>>> print(open('model-v4.cif').read())   # mmCIF, C-alpha atoms
data_model
#
loop_
_atom_site.label_atom_id
_atom_site.label_comp_id
_atom_site.auth_asym_id
_atom_site.auth_seq_id
_atom_site.Cartn_x
_atom_site.Cartn_y
_atom_site.Cartn_z
CA MET U 1 -18.56 27.69 3.25
CA GLN U 2 -16.04 25.37 4.86
CA ALA U 3 -15.71 21.93 3.30
CA LYS U 4 -16.82 19.01 5.41
CA ILE U 5 -13.96 17.03 6.92
CA THR U 6 -14.14 13.46 5.67
CA VAL U 7 -13.77 10.39 7.84
CA THR U 8 -10.44 9.49 6.22
CA GLU U 9 -9.11 12.99 6.89
CA THR U 10 -10.21 12.71 10.52
CA TRP U 11 -8.41 9.38 10.80
CA LEU U 12 -5.21 10.65 9.20
CA ARG U 13 -5.10 13.59 11.58
CA LYS U 14 -5.86 11.38 14.57
CA HIS U 15 -3.23 8.79 13.66
CA ARG U 16 -0.68 11.12 12.07
CA HIS U 17 2.25 9.79 14.07
CA LEU U 18 1.66 6.20 12.94
CA TYR U 19 0.88 7.30 9.38
CA ASP U 20 4.12 9.27 9.19
CA GLY U 21 5.94 6.23 10.56
CA ALA U 22 4.67 4.24 7.59
CA THR U 23 5.23 6.86 4.88
CA ARG U 24 8.47 8.42 6.19
CA HIS U 25 10.14 5.28 7.49
CA PRO U 26 13.97 5.18 7.76
CA PHE U 27 13.99 2.68 4.87
CA ILE U 28 12.24 5.22 2.64
CA ARG U 29 14.36 8.08 3.96
CA SER U 30 17.51 6.10 3.19
CA ILE U 31 16.41 5.87 -0.45
CA ARG U 32 15.55 9.57 -0.50
CA ASP U 33 18.86 10.54 1.12
CA GLY U 34 20.88 8.33 -1.23
CA ASN U 35 22.47 6.21 1.47
CA ILE U 36 20.40 3.03 1.26
CA ASN U 37 22.20 -0.27 1.64
CA ILE U 38 21.53 -2.10 -1.64
CA SER U 39 21.21 -5.40 0.22
CA ALA U 40 18.24 -3.86 2.08
CA PHE U 41 16.69 -2.86 -1.23
CA LYS U 42 17.14 -6.40 -2.53
CA THR U 43 15.50 -7.77 0.60
CA TRP U 44 12.53 -5.48 0.05
CA LEU U 45 12.35 -6.44 -3.63
CA GLY U 46 12.14 -10.16 -2.97
CA GLN U 47 9.78 -9.89 -0.02
CA ASP U 48 7.48 -7.44 -1.78
CA TYR U 49 7.22 -9.75 -4.77
CA ILE U 50 5.82 -12.41 -2.43
CA PHE U 51 3.48 -9.85 -0.89
CA VAL U 52 2.16 -8.64 -4.25
CA ARG U 53 1.30 -12.19 -5.24
CA ALA U 54 -0.75 -12.47 -2.02
CA PHE U 55 -2.22 -9.03 -2.74
CA VAL U 56 -3.80 -10.27 -6.01
CA PRO U 57 -6.54 -12.48 -4.48
CA PHE U 58 -7.22 -9.79 -1.88
CA VAL U 59 -7.80 -7.12 -4.55
CA ALA U 60 -9.92 -9.59 -6.52
CA SER U 61 -12.07 -10.04 -3.40
CA VAL U 62 -12.44 -6.24 -3.06
CA LEU U 63 -13.62 -6.16 -6.67
CA THR U 64 -16.23 -8.81 -5.90
CA LYS U 65 -17.38 -6.91 -2.82
CA ALA U 66 -17.63 -3.70 -4.89
CA TYR U 67 -19.78 -5.47 -7.46
CA LYS U 68 -22.14 -6.68 -4.74
CA GLY U 69 -22.03 -3.75 -2.34
CA SER U 70 -21.55 -0.49 -4.22
CA ASP U 71 -23.79 1.86 -6.17
CA ASP U 72 -23.11 1.26 -9.87
CA GLY U 73 -23.39 4.97 -10.56
CA ASN U 74 -20.22 5.73 -8.59
CA GLY U 75 -17.95 3.59 -10.76
CA ASP U 76 -16.31 1.69 -7.90
CA VAL U 77 -16.01 -1.50 -9.95
CA GLU U 78 -14.19 0.29 -12.78
CA VAL U 79 -11.72 1.97 -10.42
CA ILE U 80 -10.88 -1.26 -8.61
CA LEU U 81 -10.76 -3.23 -11.86
CA GLY U 82 -8.01 -0.86 -12.98
CA GLY U 83 -6.05 -1.85 -9.89
CA VAL U 84 -6.49 -5.54 -10.63
CA ALA U 85 -5.27 -5.06 -14.20
CA ALA U 86 -2.21 -3.11 -13.05
CA LEU U 87 -1.07 -5.99 -10.84
CA HIS U 88 -0.16 -8.12 -13.86
CA ASP U 89 2.28 -5.45 -15.00
CA GLU U 90 3.54 -5.03 -11.44
CA ILE U 91 4.42 -8.70 -11.08
CA SER U 92 6.24 -8.59 -14.43
CA TRP U 93 8.15 -5.55 -13.21
CA PHE U 94 9.27 -7.35 -10.05
CA LYS U 95 10.56 -10.25 -12.13
CA LYS U 96 12.48 -7.88 -14.41
CA GLU U 97 13.98 -5.97 -11.48
CA ALA U 98 14.90 -9.17 -9.67
CA PHE U 99 16.80 -10.35 -12.74
CA LYS U 100 18.57 -6.98 -12.97
CA TRP U 101 19.63 -7.09 -9.30
CA GLY U 102 20.46 -10.79 -9.21
CA VAL U 103 17.65 -11.68 -6.82
CA GLN U 104 16.49 -15.29 -7.20
CA LEU U 105 12.76 -15.01 -6.59
CA SER U 106 12.25 -18.77 -6.60
CA SER U 107 14.46 -19.11 -3.54
CA ILE U 108 12.96 -16.25 -1.50
CA VAL U 109 11.42 -17.37 1.79
CA PRO U 110 8.85 -14.99 3.29
CA GLN U 111 10.06 -13.45 6.53
CA LYS U 112 7.87 -13.24 9.64
CA ALA U 113 6.61 -9.70 9.02
CA ASN U 114 5.67 -10.65 5.47
CA GLN U 115 3.92 -13.84 6.56
CA GLU U 116 1.87 -11.93 9.11
CA TYR U 117 0.93 -9.22 6.60
CA CYS U 118 -0.15 -11.83 4.03
CA ARG U 119 -2.23 -13.62 6.70
CA PHE U 120 -3.89 -10.30 7.50
CA LEU U 121 -4.78 -9.82 3.82
CA GLU U 122 -6.21 -13.32 3.71
CA SER U 123 -8.39 -12.54 6.73
CA LEU U 124 -10.06 -9.75 4.74
CA ILE U 125 -11.01 -11.90 1.75
CA GLY U 126 -14.01 -13.75 3.19
CA PRO U 127 -17.60 -12.71 2.40
CA GLU U 128 -18.20 -11.86 6.06
CA VAL U 129 -15.83 -8.87 5.74
CA GLU U 130 -17.75 -5.75 4.74
CA TYR U 131 -16.88 -3.98 1.47
CA THR U 132 -16.17 -0.78 3.39
CA VAL U 133 -13.64 -2.48 5.66
CA ALA U 134 -11.83 -4.19 2.77
CA ALA U 135 -11.84 -0.98 0.74
CA VAL U 136 -10.16 0.90 3.60
CA ALA U 137 -7.34 -1.65 3.63
CA PHE U 138 -6.94 -1.45 -0.14
CA TRP U 139 -6.85 2.36 -0.15
CA ALA U 140 -4.39 2.50 2.75
CA ILE U 141 -1.96 -0.04 1.27
CA GLU U 142 -1.84 1.71 -2.10
CA THR U 143 -1.64 5.20 -0.61
CA ILE U 144 1.21 4.39 1.77
CA TYR U 145 3.33 3.26 -1.18
CA GLN U 146 2.35 6.27 -3.26
CA GLU U 147 3.23 8.77 -0.53
CA SER U 148 6.39 6.92 0.48
CA PHE U 149 7.92 6.72 -2.97
CA ALA U 150 6.68 10.16 -4.03
CA HIS U 151 8.75 11.47 -1.11
CA CYS U 152 11.81 9.99 -2.85
CA LEU U 153 11.06 11.97 -6.03
CA GLU U 154 10.88 15.44 -4.49
CA ASP U 155 13.19 18.11 -5.86
CA ASP U 156 15.62 18.01 -2.94
CA SER U 157 15.88 14.21 -2.85
CA LYS U 158 19.16 12.38 -3.48
CA THR U 159 17.58 9.13 -4.63
CA PRO U 160 20.17 7.00 -6.49
CA PRO U 161 19.55 7.02 -10.27
CA GLU U 162 19.28 3.22 -10.32
CA LEU U 163 16.33 3.40 -7.90
CA LYS U 164 14.46 6.23 -9.61
CA GLU U 165 12.38 3.81 -11.70
CA THR U 166 11.25 1.99 -8.57
CA CYS U 167 10.19 5.25 -6.96
CA GLN U 168 8.48 6.43 -10.12
CA ARG U 169 6.41 3.24 -10.32
CA TRP U 170 4.46 4.15 -7.18
CA GLY U 171 5.34 7.80 -6.65
CA ASN U 172 4.02 9.17 -9.96
CA GLU U 173 1.07 11.57 -10.18
CA SER U 174 -1.14 9.14 -12.08
CA PHE U 175 -0.90 6.58 -9.30
CA GLY U 176 -1.60 9.38 -6.84
CA GLU U 177 -4.82 10.20 -8.70
CA TYR U 178 -5.78 6.52 -8.56
CA CYS U 179 -5.21 6.51 -4.79
CA ASN U 180 -7.44 9.58 -4.50
CA SER U 181 -10.14 7.70 -6.40
CA LEU U 182 -9.87 4.87 -3.89
CA ARG U 183 -10.08 7.37 -1.05
CA ASN U 184 -13.25 8.85 -2.55
CA ILE U 185 -14.76 5.35 -2.66
CA VAL U 186 -13.84 4.80 0.99
CA ASP U 187 -15.30 8.12 2.13
CA ARG U 188 -18.56 7.50 0.25
CA GLN U 189 -18.86 4.10 1.90
CA LEU U 190 -18.03 5.46 5.34
CA GLU U 191 -20.66 8.19 5.05
CA LYS U 192 -23.41 5.57 4.99
CA ALA U 193 -21.74 2.94 7.21
CA SER U 194 -22.95 1.93 10.65
CA ASP U 195 -20.92 2.85 13.72
CA ASP U 196 -19.85 -0.79 14.03
CA VAL U 197 -18.48 -0.88 10.48
CA ILE U 198 -16.72 2.47 10.94
CA THR U 199 -15.05 1.14 14.10
CA LYS U 200 -13.89 -2.00 12.28
CA ALA U 201 -12.70 0.05 9.33
CA GLU U 202 -10.60 2.34 11.53
CA ALA U 203 -9.10 -0.68 13.29
CA THR U 204 -8.25 -2.11 9.87
CA LEU U 205 -6.47 1.10 8.89
CA LEU U 206 -4.37 0.88 12.05
CA ARG U 207 -3.51 -2.76 11.32
CA VAL U 208 -2.35 -1.80 7.82
CA LEU U 209 -0.16 0.99 9.19
CA GLU U 210 1.39 -1.35 11.74
CA HIS U 211 2.04 -4.04 9.14
CA GLU U 212 3.60 -1.50 6.77
CA VAL U 213 5.99 -0.29 9.46
CA ASP U 214 6.91 -3.89 10.26
CA PHE U 215 7.47 -4.61 6.56
CA TRP U 216 9.78 -1.59 6.19
CA ASN U 217 11.58 -2.65 9.40
CA MET U 218 12.11 -6.12 7.93
CA SER U 219 13.50 -4.66 4.71
CA HIS U 220 15.71 -2.26 6.66
CA GLY U 221 17.17 -5.05 8.79
CA ARG U 222 15.30 -4.12 11.94
CA THR U 223 13.23 -6.33 14.21
#
>>> encode(input="model-v4.cif", output="structure tokens")
Amino acid sequence: MQAKITVTETWLRKHRHLYDGATRHPFIRSIRDGNINISAFKTWLGQDYIFVRAFVPFVASVLTKAYKGSDDGNGDVEVILGGVAALHDEISWFKKEAFKWGVQLSSIVPQKANQEYCRFLESLIGPEVEYTVAAVAFWAIETIYQESFAHCLEDDSKTPPELKETCQRWGNESFGEYCNSLRNIVDRQLEKASDDVITKAEATLLRVLEHEVDFWNMSHGRT
């Protein structure tokens, strides 16, 4: 018997071109091919540190929505709580890497693409935003990083040794399993969602993909 195609799978097939643009961006390919300009990497490092700090209250809001809007038996709260806990270590990692690369985080000014992405996250925090919609954004943001950096760890990659740790942070199998757990949460929510919520959730996925491409463009020196 053929397995039922989930909503997220339908979306990823429908929007494959945009999804590939986010997960196989020239910035990521330049890391994978070993020809990245280190100044571009440093730009990404500083800007992403700012983004992650804005990501914390967003994820905390998803946790609150899960507590109020999910079935306790599915373990949504525990999965998302794991993501919240991991962000403390992630911020510490950014500080350590910034010191290693000579990036002064205190002097970093968020660029336009970063500002717009952070404003988008903030727009999803309010109680009027459905759990399903916020969960889609959370899953998509995490998964794009996982797939992007996992691409840089494939056997035929030429990722510079000094960037392997960065790629491993998001490209490892354990993080991939976590992203799959988030996807399962999203698909369970979408199965019981109204058409209106599904429409908003799909639009949110597209916004995430567009913001991710813009963020990579910013890091890569594109406009």
>>> resolve_selection(input="model-v4.cif", expression="the PyMOL selection byres ((chain U and resi 217) around 10)", output="ChimeraX atom specification")
/U:22,25-27,40,44,113,211-216,218-223
>>> write_last_selection(input="model-v4.cif", atoms="C-alpha atoms", output="PDB file, keeping the file's coordinate frame")
ATOM      1  CA  ALA U  22       4.670   4.240   7.590  1.00  0.00           C
ATOM      2  CA  HIS U  25      10.140   5.280   7.490  1.00  0.00           C
ATOM      3  CA  PRO U  26      13.970   5.180   7.760  1.00  0.00           C
ATOM      4  CA  PHE U  27      13.990   2.680   4.870  1.00  0.00           C
ATOM      5  CA  ALA U  40      18.240  -3.860   2.080  1.00  0.00           C
ATOM      6  CA  TRP U  44      12.530  -5.480   0.050  1.00  0.00           C
ATOM      7  CA  ALA U 113       6.610  -9.700   9.020  1.00  0.00           C
ATOM      8  CA  HIS U 211       2.040  -4.040   9.140  1.00  0.00           C
ATOM      9  CA  GLU U 212       3.600  -1.500   6.770  1.00  0.00           C
ATOM     10  CA  VAL U 213       5.990  -0.290   9.460  1.00  0.00           C
ATOM     11  CA  ASP U 214       6.910  -3.890  10.260  1.00  0.00           C
ATOM     12  CA  PHE U 215       7.470  -4.610   6.560  1.00  0.00           C
ATOM     13  CA  TRP U 216       9.780  -1.590   6.190  1.00  0.00           C
ATOM     14  CA  MET U 218      12.110  -6.120   7.930  1.00  0.00           C
ATOM     15  CA  SER U 219      13.500  -4.660   4.710  1.00  0.00           C
ATOM     16  CA  HIS U 220      15.710  -2.260   6.660  1.00  0.00           C
ATOM     17  CA  GLY U 221      17.170  -5.050   8.790  1.00  0.00           C
ATOM     18  CA  ARG U 222      15.300  -4.120  11.940  1.00  0.00           C
ATOM     19  CA  THR U 223      13.230  -6.330  14.210  1.00  0.00           C
TER      20      THR U 223
END
>>> resolve_selection(input="model-v4.cif", expression="the PyMOL selection byres ((chain U and resi 58-75) around 9)", output="NGL selection string")
:U and (54-57 or 76-81 or 83-84 or 121-122 or 124-127 or 129-132 or 134-135 or 138 or 185 or 189)
>>> atom_distance(input="model-v4.cif", atom1="CA of Thr143 (chain U)", atom2="CA of Tyr19 (chain U)")
10.5 Å
>>> atom_distance(input="model-v4.cif", atom1="CA of Val52 (chain U)", atom2="CA of Val7 (chain U)")
27.6 Å
>>> resolve_selection(input="model-v4.cif", expression="the PyMOL selection byres ((chain U and resi 114) around 9)", output="list in words")
Gln47, Asp48, Ile50, Phe51, Pro110, Gln111, Lys112, Ala113, Gln115, Glu116, Tyr117, Cys118, Arg119, His211, Asp214, Phe215 and Met218 of chain U
>>> closest_residue(input="model-v4.cif", among="U:Asp156, U:Ser194, U:Val103, U:Arg183", to="Ile38 (chain U)", atoms="all atoms listed in the file")
U:Val103
>>> build_atoms(input="model-v4.cif", residues="region 187-211 of chain U", atoms="N, CA and C atoms", output="mmCIF file, keeping the file's coordinate frame")
data_model
loop_
_atom_site.group_PDB
_atom_site.id
_atom_site.type_symbol
_atom_site.label_atom_id
_atom_site.label_comp_id
_atom_site.auth_asym_id
_atom_site.auth_seq_id
_atom_site.Cartn_x
_atom_site.Cartn_y
_atom_site.Cartn_z
ATOM 1 N N ASP U 187 -14.529 7.093 1.426
ATOM 2 C CA ASP U 187 -15.300 8.120 2.130
ATOM 3 C C ASP U 187 -16.793 8.025 1.818
ATOM 4 N N ARG U 188 -17.144 7.686 0.585
ATOM 5 C CA ARG U 188 -18.560 7.500 0.250
ATOM 6 C C ARG U 188 -19.153 6.340 1.047
ATOM 7 N N GLN U 189 -18.382 5.256 1.142
ATOM 8 C CA GLN U 189 -18.860 4.100 1.900
ATOM 9 C C GLN U 189 -18.991 4.422 3.383
ATOM 10 N N LEU U 190 -18.016 5.149 3.913
ATOM 11 C CA LEU U 190 -18.030 5.460 5.340
ATOM 12 C C LEU U 190 -19.171 6.402 5.709
ATOM 13 N N GLU U 191 -19.572 7.251 4.781
ATOM 14 C CA GLU U 191 -20.660 8.190 5.050
ATOM 15 C C GLU U 191 -21.969 7.470 5.371
ATOM 16 N N LYS U 192 -22.161 6.296 4.777
ATOM 17 C CA LYS U 192 -23.410 5.570 4.990
ATOM 18 C C LYS U 192 -23.236 4.318 5.859
ATOM 19 N N ALA U 193 -22.035 4.136 6.414
ATOM 20 C CA ALA U 193 -21.740 2.940 7.210
ATOM 21 C C ALA U 193 -22.273 3.084 8.631
ATOM 22 N N SER U 194 -22.539 1.946 9.243
ATOM 23 C CA SER U 194 -22.950 1.930 10.650
ATOM 24 C C SER U 194 -21.736 2.223 11.533
ATOM 25 N N ASP U 195 -22.012 2.572 12.782
ATOM 26 C CA ASP U 195 -20.920 2.850 13.720
ATOM 27 C C ASP U 195 -20.020 1.632 13.887
ATOM 28 N N ASP U 196 -20.624 0.443 13.876
ATOM 29 C CA ASP U 196 -19.850 -0.790 14.030
ATOM 30 C C ASP U 196 -18.878 -0.977 12.877
ATOM 31 N N VAL U 197 -19.337 -0.742 11.653
ATOM 32 C CA VAL U 197 -18.480 -0.880 10.480
ATOM 33 C C VAL U 197 -17.376 0.176 10.484
ATOM 34 N N ILE U 198 -17.718 1.397 10.875
ATOM 35 C CA ILE U 198 -16.720 2.470 10.940
ATOM 36 C C ILE U 198 -15.626 2.111 11.962
ATOM 37 N N THR U 199 -16.024 1.559 13.080
ATOM 38 C CA THR U 199 -15.050 1.140 14.100
ATOM 39 C C THR U 199 -14.130 0.060 13.556
ATOM 40 N N LYS U 200 -14.703 -0.936 12.870
ATOM 41 C CA LYS U 200 -13.890 -2.000 12.280
ATOM 42 C C LYS U 200 -12.981 -1.461 11.183
ATOM 43 N N ALA U 201 -13.491 -0.517 10.417
ATOM 44 C CA ALA U 201 -12.700 0.050 9.330
ATOM 45 C C ALA U 201 -11.499 0.832 9.862
ATOM 46 N N GLU U 202 -11.707 1.588 10.931
ATOM 47 C CA GLU U 202 -10.600 2.340 11.530
ATOM 48 C C GLU U 202 -9.554 1.386 12.115
ATOM 49 N N ALA U 203 -10.025 0.322 12.744
ATOM 50 C CA ALA U 203 -9.100 -0.680 13.290
ATOM 51 C C ALA U 203 -8.298 -1.337 12.169
ATOM 52 N N THR U 204 -8.932 -1.535 11.023
ATOM 53 C CA THR U 204 -8.250 -2.110 9.870
ATOM 54 C C THR U 204 -7.177 -1.175 9.347
ATOM 55 N N LEU U 205 -7.478 0.114 9.292
ATOM 56 C CA LEU U 205 -6.470 1.100 8.890
ATOM 57 C C LEU U 205 -5.250 1.020 9.809
ATOM 58 N N LEU U 206 -5.483 0.950 11.096
ATOM 59 C CA LEU U 206 -4.370 0.880 12.050
ATOM 60 C C LEU U 206 -3.552 -0.389 11.855
ATOM 61 N N ARG U 207 -4.226 -1.506 11.575
ATOM 62 C CA ARG U 207 -3.510 -2.760 11.320
ATOM 63 C C ARG U 207 -2.624 -2.631 10.084
ATOM 64 N N VAL U 208 -3.150 -2.003 9.038
ATOM 65 C CA VAL U 208 -2.350 -1.800 7.820
ATOM 66 C C VAL U 208 -1.113 -0.969 8.136
ATOM 67 N N LEU U 209 -1.299 0.123 8.856
ATOM 68 C CA LEU U 209 -0.160 0.990 9.190
ATOM 69 C C LEU U 209 0.890 0.225 9.986
ATOM 70 N N GLU U 210 0.448 -0.573 10.933
ATOM 71 C CA GLU U 210 1.390 -1.350 11.740
ATOM 72 C C GLU U 210 2.132 -2.381 10.888
ATOM 73 N N HIS U 211 1.400 -3.049 10.004
ATOM 74 C CA HIS U 211 2.040 -4.040 9.140
ATOM 75 C C HIS U 211 3.022 -3.379 8.173
#
